[in-house]
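Novice: One file is attached below, query-v9.txt, containing compact mmCIF, C-alpha atoms.
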# COMPACT_ATOMS: atom_id res chain seq x y z
CA MET A 1 15.21 -3.93 -18.50
CA ASN A 2 12.23 -2.54 -16.76
CA SER A 3 11.35 -4.66 -13.77
CA VAL A 4 8.21 -2.83 -12.79
CA VAL A 5 5.61 -5.46 -12.10
CA VAL A 6 2.38 -4.53 -13.73
CA LYS A 7 -0.49 -5.92 -11.73
CA SER A 8 0.99 -9.20 -10.70
CA LYS A 9 -1.57 -11.77 -9.65
CA GLU A 10 -1.00 -11.71 -5.91
CA VAL A 11 -1.35 -7.99 -5.41
CA THR A 12 -4.29 -7.57 -7.68
CA LEU A 13 -7.10 -8.15 -5.21
CA LEU A 14 -5.56 -6.04 -2.50
CA GLU A 15 -4.70 -3.29 -4.95
CA ILE A 16 -8.14 -3.38 -6.49
CA LEU A 17 -10.01 -3.32 -3.19
CA ASP A 18 -7.71 -0.61 -1.87
CA ARG A 19 -8.87 1.56 -4.76
CA VAL A 20 -12.33 0.47 -5.81
CA LEU A 21 -13.81 0.41 -2.31
CA ASP A 22 -11.97 3.34 -0.91
CA LYS A 23 -11.20 5.79 -3.71
CA GLY A 24 -12.80 7.10 -6.86
CA VAL A 25 -15.38 9.83 -7.08
CA ILE A 26 -17.88 9.66 -4.26
CA ILE A 27 -21.31 10.89 -5.20
CA SER A 28 -24.39 10.07 -3.27
CA GLY A 29 -26.47 8.18 -5.78
CA ASP A 30 -29.97 6.94 -5.12
CA VAL A 31 -28.82 3.97 -3.09
CA VAL A 32 -26.61 4.83 -0.21
CA ILE A 33 -23.88 2.50 0.90
CA SER A 34 -23.21 3.60 4.42
CA VAL A 35 -19.75 3.70 5.89
CA ALA A 36 -20.83 0.85 8.10
CA ASP A 37 -21.37 -1.30 5.03
CA VAL A 38 -17.87 -0.63 3.83
CA ASP A 39 -16.57 -1.61 7.24
CA LEU A 40 -18.49 -4.81 6.85
CA ILE A 41 -16.51 -5.59 3.75
CA TYR A 42 -13.31 -5.42 5.63
CA LEU A 43 -14.73 -7.53 8.41
CA GLY A 44 -15.63 -9.98 5.69
CA LEU A 45 -12.01 -9.89 4.67
CA LYS A 46 -11.20 -10.60 8.30
CA VAL A 47 -9.51 -7.36 8.01
CA LEU A 48 -9.79 -3.94 9.44
CA LEU A 49 -8.20 -1.24 7.43
CA SER A 50 -6.02 0.41 9.94
CA SER A 51 -7.29 3.49 11.58
CA VAL A 52 -4.81 6.30 11.95
CA GLU A 53 -4.17 5.26 15.54
CA THR A 54 -3.43 1.69 14.57
CA MET A 55 -0.98 2.91 11.98
CA GLU A 56 0.79 5.04 14.48
CA LYS A 57 0.95 2.13 16.83
CA LEU A 58 2.36 -0.06 14.12
CA ARG A 59 5.16 2.32 13.57
CA GLY A 60 5.74 5.87 14.58
CA SER A 61 5.95 7.51 11.23
CA PRO A 62 6.26 11.27 11.28
CA PHE A 63 6.09 11.83 7.55
CA ILE A 64 3.06 9.78 6.65
CA SER A 65 0.13 11.55 8.20
CA PRO A 66 -0.06 15.19 7.22
CA MET A 67 1.14 14.85 3.66
CA GLN A 68 -2.00 14.41 1.67
CA GLU A 69 -0.68 15.81 -1.54
CA ALA A 70 -3.77 15.53 -3.65
CA LYS A 71 -6.57 17.82 -2.85
CA MET B 1 -44.00 -1.69 -7.92
CA ILE B 2 -42.44 -4.07 -10.37
CA GLU B 3 -41.05 -7.24 -8.82
CA ASN B 4 -37.49 -7.35 -10.08
CA ARG B 5 -36.66 -3.73 -10.51
CA GLN B 6 -33.31 -2.67 -11.94
CA LEU B 7 -30.87 -0.07 -10.76
CA ILE B 8 -28.26 1.82 -12.72
CA TYR B 9 -24.69 1.24 -11.67
CA LEU B 10 -22.22 3.97 -12.61
CA TYR B 11 -18.66 2.89 -13.45
CA CYS B 12 -17.00 5.94 -14.92
CA VAL B 13 -17.47 9.20 -16.76
CA ALA B 14 -15.56 10.26 -19.88
CA ASP B 15 -15.67 13.24 -22.22
CA THR B 16 -15.36 11.29 -25.44
CA GLU B 17 -17.74 8.57 -26.48
CA PRO B 18 -16.58 5.27 -25.02
CA LYS B 19 -16.26 2.28 -27.32
CA MET B 20 -18.85 0.00 -25.82
CA LYS B 21 -17.57 -2.90 -27.93
CA GLN B 22 -14.55 -3.01 -25.62
CA ILE B 23 -16.72 -4.09 -22.74
CA GLU B 24 -19.38 -6.16 -24.40
CA ASP B 25 -18.08 -9.31 -22.70
CA CYS B 26 -18.40 -7.68 -19.28
CA GLY B 27 -22.15 -8.08 -19.07
CA ASN B 28 -25.16 -7.67 -21.32
CA ASP B 29 -26.63 -4.60 -19.79
CA LEU B 30 -23.87 -2.05 -20.24
CA TYR B 31 -24.51 1.18 -22.08
CA SER B 32 -23.47 4.80 -22.03
CA VAL B 33 -25.55 7.82 -21.14
CA CYS B 34 -24.63 11.12 -22.74
CA HIS B 35 -25.42 14.45 -21.16
CA ASN B 36 -23.79 17.81 -21.93
CA ASP B 37 -20.83 16.23 -23.74
CA LEU B 38 -20.13 13.86 -20.88
CA TYR B 39 -20.53 10.10 -21.22
CA ALA B 40 -21.39 7.94 -18.26
CA VAL B 41 -20.63 4.24 -18.59
CA VAL B 42 -23.34 2.40 -16.70
CA GLY B 43 -24.87 -1.02 -16.33
CA LYS B 44 -28.25 -2.33 -15.26
CA VAL B 45 -28.15 -4.36 -12.08
CA ASP B 46 -30.84 -6.07 -10.08
CA GLN B 47 -32.43 -4.21 -7.24
CA GLN B 48 -32.36 -7.45 -5.26
CA GLU B 49 -28.62 -7.64 -5.58
CA PHE B 50 -27.65 -3.97 -5.31
CA GLY B 51 -30.53 -2.38 -3.46
CA GLU B 52 -29.94 -1.39 0.14
CA GLU B 53 -31.06 -4.75 1.51
CA GLY B 54 -29.17 -6.75 -1.08
CA LEU B 55 -25.99 -4.76 -0.65
CA LYS B 56 -26.03 -5.19 3.08
CA ARG B 57 -26.20 -8.94 2.58
CA ASN B 58 -23.68 -9.09 -0.25
CA MET B 59 -21.09 -6.81 1.31
CA ALA B 60 -20.53 -9.54 3.88
CA ASP B 61 -19.80 -12.04 1.14
CA MET B 62 -16.15 -11.88 0.20
CA GLU B 63 -16.57 -13.92 -2.95
CA TRP B 64 -19.29 -11.56 -4.17
CA ILE B 65 -17.15 -8.52 -3.44
CA LYS B 66 -14.15 -10.05 -5.19
CA ALA B 67 -16.20 -10.73 -8.30
CA LYS B 68 -18.00 -7.39 -8.39
CA ALA B 69 -15.01 -5.23 -7.47
CA GLY B 70 -12.95 -7.09 -10.05
CA MET B 71 -15.60 -6.45 -12.71
CA HIS B 72 -15.85 -2.79 -11.68
CA GLU B 73 -12.11 -2.45 -12.23
CA LYS B 74 -12.11 -4.42 -15.48
CA ILE B 75 -14.84 -2.33 -17.07
CA ILE B 76 -13.13 0.94 -16.18
CA GLU B 77 -9.76 -0.30 -17.43
CA ARG B 78 -11.25 -1.31 -20.75
CA VAL B 79 -12.89 2.07 -21.22
CA MET B 80 -9.68 3.75 -20.13
CA ALA B 81 -7.82 2.12 -23.01
CA ASP B 82 -9.40 4.63 -25.39
CA THR B 83 -10.28 7.66 -23.36
CA ASP B 84 -9.53 9.45 -20.10
CA VAL B 85 -11.97 8.45 -17.40
CA ILE B 86 -13.16 9.51 -13.99
CA PRO B 87 -13.60 6.29 -12.03
CA PHE B 88 -16.40 6.14 -9.48
CA LYS B 89 -16.40 4.42 -6.17
CA PHE B 90 -17.80 0.89 -5.97
CA GLY B 91 -21.57 0.82 -5.74
CA THR B 92 -22.58 4.23 -7.06
CA LEU B 93 -26.21 3.53 -7.95
CA PHE B 94 -29.13 5.40 -9.45
CA ASN B 95 -32.81 4.60 -9.78
CA ALA B 96 -33.14 5.81 -13.35
CA ASP B 97 -31.32 7.51 -16.20
CA ALA B 98 -33.05 10.72 -15.19
CA SER B 99 -31.40 10.92 -11.78
CA LEU B 100 -28.06 9.98 -13.32
CA LYS B 101 -28.45 12.83 -15.80
CA ALA B 102 -29.37 15.19 -12.99
CA MET B 103 -26.12 14.25 -11.28
CA LEU B 104 -24.18 14.83 -14.52
CA GLU B 105 -25.88 18.20 -14.78
CA GLN B 106 -24.97 19.14 -11.22
CA TYR B 107 -21.33 18.08 -11.36
CA GLY B 108 -20.73 18.50 -15.08
CA GLN B 109 -18.38 21.46 -14.90
CA GLU B 110 -16.32 19.84 -12.18
CA PHE B 111 -16.08 16.57 -14.08
CA LYS B 112 -14.90 18.46 -17.15
CA ALA B 113 -12.25 20.27 -15.12
CA ILE B 114 -11.06 16.97 -13.63
CA LEU B 115 -10.92 15.37 -17.07
CA ARG B 116 -8.85 18.29 -18.38
CA LYS B 117 -6.43 17.73 -15.52
CA LEU B 118 -6.27 13.99 -16.14
CA ALA B 119 -5.70 14.28 -19.88
CA TYR B 120 -2.64 12.39 -21.10
CA LYS B 121 -1.74 11.14 -17.61
CA GLN B 122 -1.64 7.81 -15.82
CA GLU B 123 -1.99 6.76 -12.21
CA TRP B 124 0.76 4.58 -10.79
CA GLY B 125 0.83 3.01 -7.36
CA LEU B 126 3.83 2.45 -5.15
CA LYS B 127 3.85 0.40 -1.99
CA ILE B 128 7.01 -0.19 0.00
CA TYR B 129 7.43 -2.89 2.62
CA TYR B 130 10.26 -3.76 4.97
CA ASN B 131 11.36 -6.88 6.72
CA PRO B 132 12.47 -5.92 10.25
CA GLU B 133 14.84 -8.88 10.67
CA LYS B 134 16.61 -8.39 7.36
CA LEU B 135 16.84 -4.68 7.87
CA LYS B 136 18.31 -5.06 11.35
CA ALA B 137 20.82 -7.62 10.17
CA ASN B 138 21.83 -5.23 7.45
CA LEU B 139 22.18 -2.27 9.79
CA GLY B 140 24.41 -4.23 12.13
CA ASN B 141 26.84 -4.67 9.28
CA ASP B 142 27.33 -1.14 8.13
CA ASP B 143 26.60 1.26 10.93
CA ALA B 144 29.92 2.41 12.41
CA GLU B 145 28.50 3.18 15.80
CA ILE B 146 26.85 -0.21 16.12
CA LEU B 147 30.02 -2.00 15.04
CA LYS B 148 31.98 -0.06 17.63
CA ILE B 149 29.63 -1.12 20.42
CA GLU B 150 29.84 -4.71 19.26
CA ASP B 151 33.62 -4.53 19.58
CA GLU B 152 33.30 -3.08 23.06
CA ILE B 153 30.90 -5.84 24.06
CA LYS B 154 33.48 -8.46 23.11
CA SER B 155 36.11 -6.96 25.36
CA SER B 156 33.83 -6.14 28.29
CA SER B 157 32.94 -7.82 31.56
CA ALA B 158 29.59 -9.58 31.82
CA GLY B 159 28.03 -6.67 33.70
CA LYS B 160 29.22 -4.00 31.37
CA SER B 161 28.36 -5.96 28.26
CA TYR B 162 24.79 -6.30 29.49
CA PHE B 163 24.39 -2.55 29.42
CA LEU B 164 26.25 -2.24 26.17
CA LYS B 165 23.91 -4.77 24.58
CA LYS B 166 20.94 -2.79 25.76
CA LYS B 167 22.48 0.32 24.31
CA LYS B 168 23.12 -1.48 21.06
CA ASP B 169 19.49 -2.62 20.84
CA GLU B 170 18.24 0.91 21.41
CA LEU B 171 20.60 2.22 18.79
CA LEU B 172 19.47 -0.47 16.36
CA GLU B 173 15.84 0.43 16.91
CA LYS B 174 16.53 4.11 16.39
CA THR B 175 18.60 3.54 13.27
CA LEU B 176 15.93 1.18 11.97
CA ASN B 177 13.26 3.85 12.26
CA GLU B 178 15.51 6.37 10.57
CA LYS B 179 16.19 4.03 7.67
CA ILE B 180 12.50 3.25 7.24
CA ASN B 181 11.54 6.89 7.15
CA GLU B 182 14.43 7.71 4.87
CA CYS B 183 13.44 5.02 2.38
CA GLY B 184 9.76 5.99 2.39
CA GLN B 185 10.40 9.68 2.22
CA GLU B 186 13.16 9.58 -0.34
CA SER B 187 11.25 7.28 -2.65
CA PHE B 188 8.14 9.38 -2.40
CA GLU B 189 9.95 12.68 -2.96
CA LEU B 190 11.96 11.46 -5.93
CA LEU B 191 8.89 10.02 -7.66
CA LYS B 192 6.81 13.04 -6.79
CA GLU B 193 9.27 15.19 -8.70
CA LEU B 194 8.51 13.16 -11.82
CA SER B 195 4.75 13.40 -11.25
CA PHE B 196 2.02 15.88 -11.86
CA GLU B 197 0.45 15.06 -8.51
CA ALA B 198 1.25 12.65 -5.73
CA ARG B 199 -0.45 11.46 -2.61
CA ILE B 200 0.22 9.29 0.39
CA ASN B 201 -2.49 6.90 1.53
CA ARG B 202 -2.98 5.12 4.79
CA LEU B 203 -0.77 2.16 5.49
CA LEU B 204 -2.41 -1.23 5.36
CA PRO B 205 -1.73 -3.63 8.20
CA ARG B 206 -0.34 -7.10 7.63
CA GLU B 207 -3.76 -8.68 8.07
CA VAL B 208 -4.76 -6.92 4.87
CA THR B 209 -1.61 -7.27 2.84
CA GLU B 210 -1.10 -10.88 3.97
CA ARG B 211 2.61 -10.27 3.85
CA GLU B 212 5.13 -10.91 6.55
CA ASP B 213 6.68 -7.56 5.83
CA GLU B 214 5.41 -4.33 7.27
CA MET B 215 4.20 -1.56 4.98
CA VAL B 216 6.30 1.59 4.96
CA LEU B 217 4.66 3.62 2.24
CA ASN B 218 1.36 3.44 0.35
CA SER B 219 1.36 6.09 -2.33
CA ALA B 220 -0.09 7.04 -5.68
CA PHE B 221 1.23 9.22 -8.47
CA LEU B 222 -0.38 10.94 -11.41
CA VAL B 223 2.26 10.82 -14.12
CA ASP B 224 2.33 12.51 -17.51
CA LYS B 225 2.51 9.80 -20.19
CA ASP B 226 5.75 11.31 -21.46
CA GLU B 227 7.28 10.97 -17.99
CA VAL B 228 6.23 7.36 -17.38
CA GLY B 229 9.53 6.02 -18.73
CA ASP B 230 11.56 8.20 -16.37
CA PHE B 231 9.21 7.35 -13.55
CA ARG B 232 9.70 3.63 -14.04
CA ASN B 233 13.44 4.02 -14.38
CA MET B 234 13.44 5.84 -11.07
CA VAL B 235 11.48 2.97 -9.51
CA ASP B 236 14.16 0.61 -10.80
CA THR B 237 16.89 2.80 -9.36
CA LEU B 238 15.15 2.78 -5.98
CA LYS B 239 14.73 -0.98 -6.18
CA MET B 240 18.39 -1.41 -6.91
CA HIS B 241 19.29 0.77 -3.97
CA TYR B 242 16.85 -0.55 -1.40
CA GLU B 243 16.00 -4.13 -2.25
CA GLY B 244 18.48 -6.51 -0.70
CA LYS B 245 18.69 -4.17 2.27
CA GLY B 246 15.42 -5.43 3.70
CA PHE B 247 12.99 -3.35 1.64
CA TYR B 248 10.57 -4.49 -1.02
CA ILE B 249 9.23 -2.00 -3.56
CA ASP B 250 6.01 -2.82 -5.38
CA CYS B 251 5.00 -0.58 -8.27
CA THR B 252 1.76 -1.16 -10.17
CA GLY B 253 -0.03 0.57 -12.98
CA PRO B 254 -1.32 2.18 -14.99
CA TRP B 255 -4.51 2.43 -12.94
CA PRO B 256 -7.67 4.39 -13.49
CA PRO B 257 -7.01 7.66 -11.64
CA TYR B 258 -8.92 6.70 -8.48
CA ASN B 259 -6.65 8.84 -6.34
CA PHE B 260 -6.75 11.99 -8.41
CA CYS B 261 -10.32 12.89 -9.16
CA GLY B 262 -11.53 14.28 -5.87
CA LEU B 263 -14.40 16.73 -6.16
CA SER B 264 -13.94 19.99 -4.38
CA SER B 265 -16.74 18.48 -2.27
CA ARG B 266 -19.15 20.99 -0.71
CA LYS B 267 -18.84 23.21 -3.71
CA GLY B 268 -21.30 22.40 -6.44
CA GLN B 269 -23.73 20.76 -4.10
CA ASN B 270 -25.90 23.83 -3.72
CA GLU B 271 -25.02 25.66 -6.84
Represent the structure of the file as structure tokens.

Specialist:
Amino acid sequence: MNSVVVKSKEVTLLEILDRVLDKGVIISGDVVISVADVDLIYLGLKVLLSSVETMEKLRGSPFISPMQEAK
Amino acid sequence: MIENRQLIYLYCVADTEPKMKQIEDCGNDLYSVCHNDLYAVVGKVDQQEFGEEGLKRNMADMEWIKAKAGMHEKIIERVMADTDVIPFKFGTLFNADASLKAMLEQYGQEFKAILRKLAYKQEWGLKIYYNPEKLKANLGNDDAEILKIEDEIKSSSAGKSYFLKKKKDELLEKTLNEKINECGQESFELLKELSFEARINRLLPREVTEREDEMVLNSAFLVDKDEVGDFRNMVDTLKMHYEGKGFYIDCTGPWPPYNFCGLSSRKGQNE
């Protein structure tokens, strides 16, 4: 009955990178990965995670931006 | 200085002792460090690979990132099978157990508070995409105003129909945007009601998603385990309503709670 796809193959990498590289607790350990390094990852992906401006350009979306529910 | 020094890579923190057997196939050098009733799951990694120089080099190597990010996720998921965890961001590294313990000391109370919040809950992800062509085709068929203009176009002179067509296109565009927002907002609100916490993340462009469809909503929900059934039923209801109309709803989980363990930043740092 339940058609929720749990971690299907194709989305896995995107979903994982979207979380592992970008979320999770951020603590400055003894080795610092600078923001520039993280940008490099996305360049490596031939990808730039969209900046807010790019997103707005993609589609004017009034409800997306200010609603960061989690604190 | 020793030639091939090792660093300590932190995967996650839990408040019950993690079963290290669960992750013994994820590398030889995994162990847990206990401090003040908190358990950090860590691994030894080579300085050459994860030190500042090595990271700079490796972060440009997509295959390396794929493998290491995948392993990061796998280890946390395994630990999560038995206990609530706070997942850390990729590449959180320490020089020695001592500095890791100092960090656990500094943030201990906050980690415990976060773990109390996370207890008996799961993170679920929801991404919604839309296909502009399909959506437009669909709108043309059931929007009364658009159908009316189409009728007028048929019975109009060439000149007039030119303007009517322009008007129709504008109306289509406007209705399209309304539908997109409606779908994103409604889905988010309905699922949020079934969640303990919810958040909206930035949209990913098509270059990242490698889909032809455009992303409408990228969101995450922290759901009480007792509510997961209702949550998934609601996802199915939304799918039934929106898929076939040009939307695609992609729900994944349960995930480690990457989106719901933010530190109240500044605080704690100087305490």

Novice: Show me, as a ChimeraX atom specification, every residue of chain B with an atom at most 8 Å from chain A, counting all atoms listed in the file.

Specialist: /B:51-52,55-56,59-62,65-66,69-70,72-73,86-95,99-100,181,185,197-205,207-209,217,232-233,235-236,250-254,257-264

Novice: Only C-alpha atoms, please: the residues just picked out, written as a tab-separated table (two decimals), in the frame of the given file.

Specialist:
chain	number	residue	atom	x	y	z
B	51	GLY	CA	-30.53	-2.38	-3.46
B	52	GLU	CA	-29.94	-1.39	0.14
B	55	LEU	CA	-25.99	-4.76	-0.65
B	56	LYS	CA	-26.03	-5.19	3.08
B	59	MET	CA	-21.09	-6.81	1.31
B	60	ALA	CA	-20.53	-9.54	3.88
B	61	ASP	CA	-19.80	-12.04	1.14
B	62	MET	CA	-16.15	-11.88	0.20
B	65	ILE	CA	-17.15	-8.52	-3.44
B	66	LYS	CA	-14.15	-10.05	-5.19
B	69	ALA	CA	-15.01	-5.23	-7.47
B	70	GLY	CA	-12.95	-7.09	-10.05
B	72	HIS	CA	-15.85	-2.79	-11.68
B	73	GLU	CA	-12.11	-2.45	-12.23
B	86	ILE	CA	-13.16	9.51	-13.99
B	87	PRO	CA	-13.60	6.29	-12.03
B	88	PHE	CA	-16.40	6.14	-9.48
B	89	LYS	CA	-16.40	4.42	-6.17
B	90	PHE	CA	-17.80	0.89	-5.97
B	91	GLY	CA	-21.57	0.82	-5.74
B	92	THR	CA	-22.58	4.23	-7.06
B	93	LEU	CA	-26.21	3.53	-7.95
B	94	PHE	CA	-29.13	5.40	-9.45
B	95	ASN	CA	-32.81	4.60	-9.78
B	99	SER	CA	-31.40	10.92	-11.78
B	100	LEU	CA	-28.06	9.98	-13.32
B	181	ASN	CA	11.54	6.89	7.15
B	185	GLN	CA	10.40	9.68	2.22
B	197	GLU	CA	0.45	15.06	-8.51
B	198	ALA	CA	1.25	12.65	-5.73
B	199	ARG	CA	-0.45	11.46	-2.61
B	200	ILE	CA	0.22	9.29	0.39
B	201	ASN	CA	-2.49	6.90	1.53
B	202	ARG	CA	-2.98	5.12	4.79
B	203	LEU	CA	-0.77	2.16	5.49
B	204	LEU	CA	-2.41	-1.23	5.36
B	205	PRO	CA	-1.73	-3.63	8.20
B	207	GLU	CA	-3.76	-8.68	8.07
B	208	VAL	CA	-4.76	-6.92	4.87
B	209	THR	CA	-1.61	-7.27	2.84
B	217	LEU	CA	4.66	3.62	2.24
B	232	ARG	CA	9.70	3.63	-14.04
B	233	ASN	CA	13.44	4.02	-14.38
B	235	VAL	CA	11.48	2.97	-9.51
B	236	ASP	CA	14.16	0.61	-10.80
B	250	ASP	CA	6.01	-2.82	-5.38
B	251	CYS	CA	5.00	-0.58	-8.27
B	252	THR	CA	1.76	-1.16	-10.17
B	253	GLY	CA	-0.03	0.57	-12.98
B	254	PRO	CA	-1.32	2.18	-14.99
B	257	PRO	CA	-7.01	7.66	-11.64
B	258	TYR	CA	-8.92	6.70	-8.48
B	259	ASN	CA	-6.65	8.84	-6.34
B	260	PHE	CA	-6.75	11.99	-8.41
B	261	CYS	CA	-10.32	12.89	-9.16
B	262	GLY	CA	-11.53	14.28	-5.87
B	263	LEU	CA	-14.40	16.73	-6.16
B	264	SER	CA	-13.94	19.99	-4.38

Novice: Do you know which residues are at most 8 Å from Cys12 (chain B) counting all atoms listed in the file, after dropping those on the same chain fewer than 2 positions away, and could you put them as a PyMOL selection string?

Specialist: chain B and resi 10+14+40-42+76+85-88

Novice: To one decimal place, how far is CA of His35 (chain B) from CA of Asp224 (chain B) in Å?

Specialist: 28.1 Å

Novice: With a distance cut-off of 9 Å and all atoms listed in the file, select the neighbouring residues of Leu238 (chain B), excluding the residue or stretch itself and same-chain residues fewer than 3 positions from it, and output the selection as a ChimeraX atom specification.

Specialist: /B:183,187,233-235,241-243,249

Novice: Kindly give the distance, in Å, that separates CA of Gly125 (chain B) and CA of Ala220 (chain B), rounded to a single decimal.

Specialist: 4.5 Å

Novice: One decimal, Å: what's the distance from CA of Lys166 (chain B) over to CA of Glu133 (chain B), could you say?

Specialist: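 If I compute the distance from CA of Lys166 (chain B) to CA of Glu133 (chain B), I get 17.4 Å.
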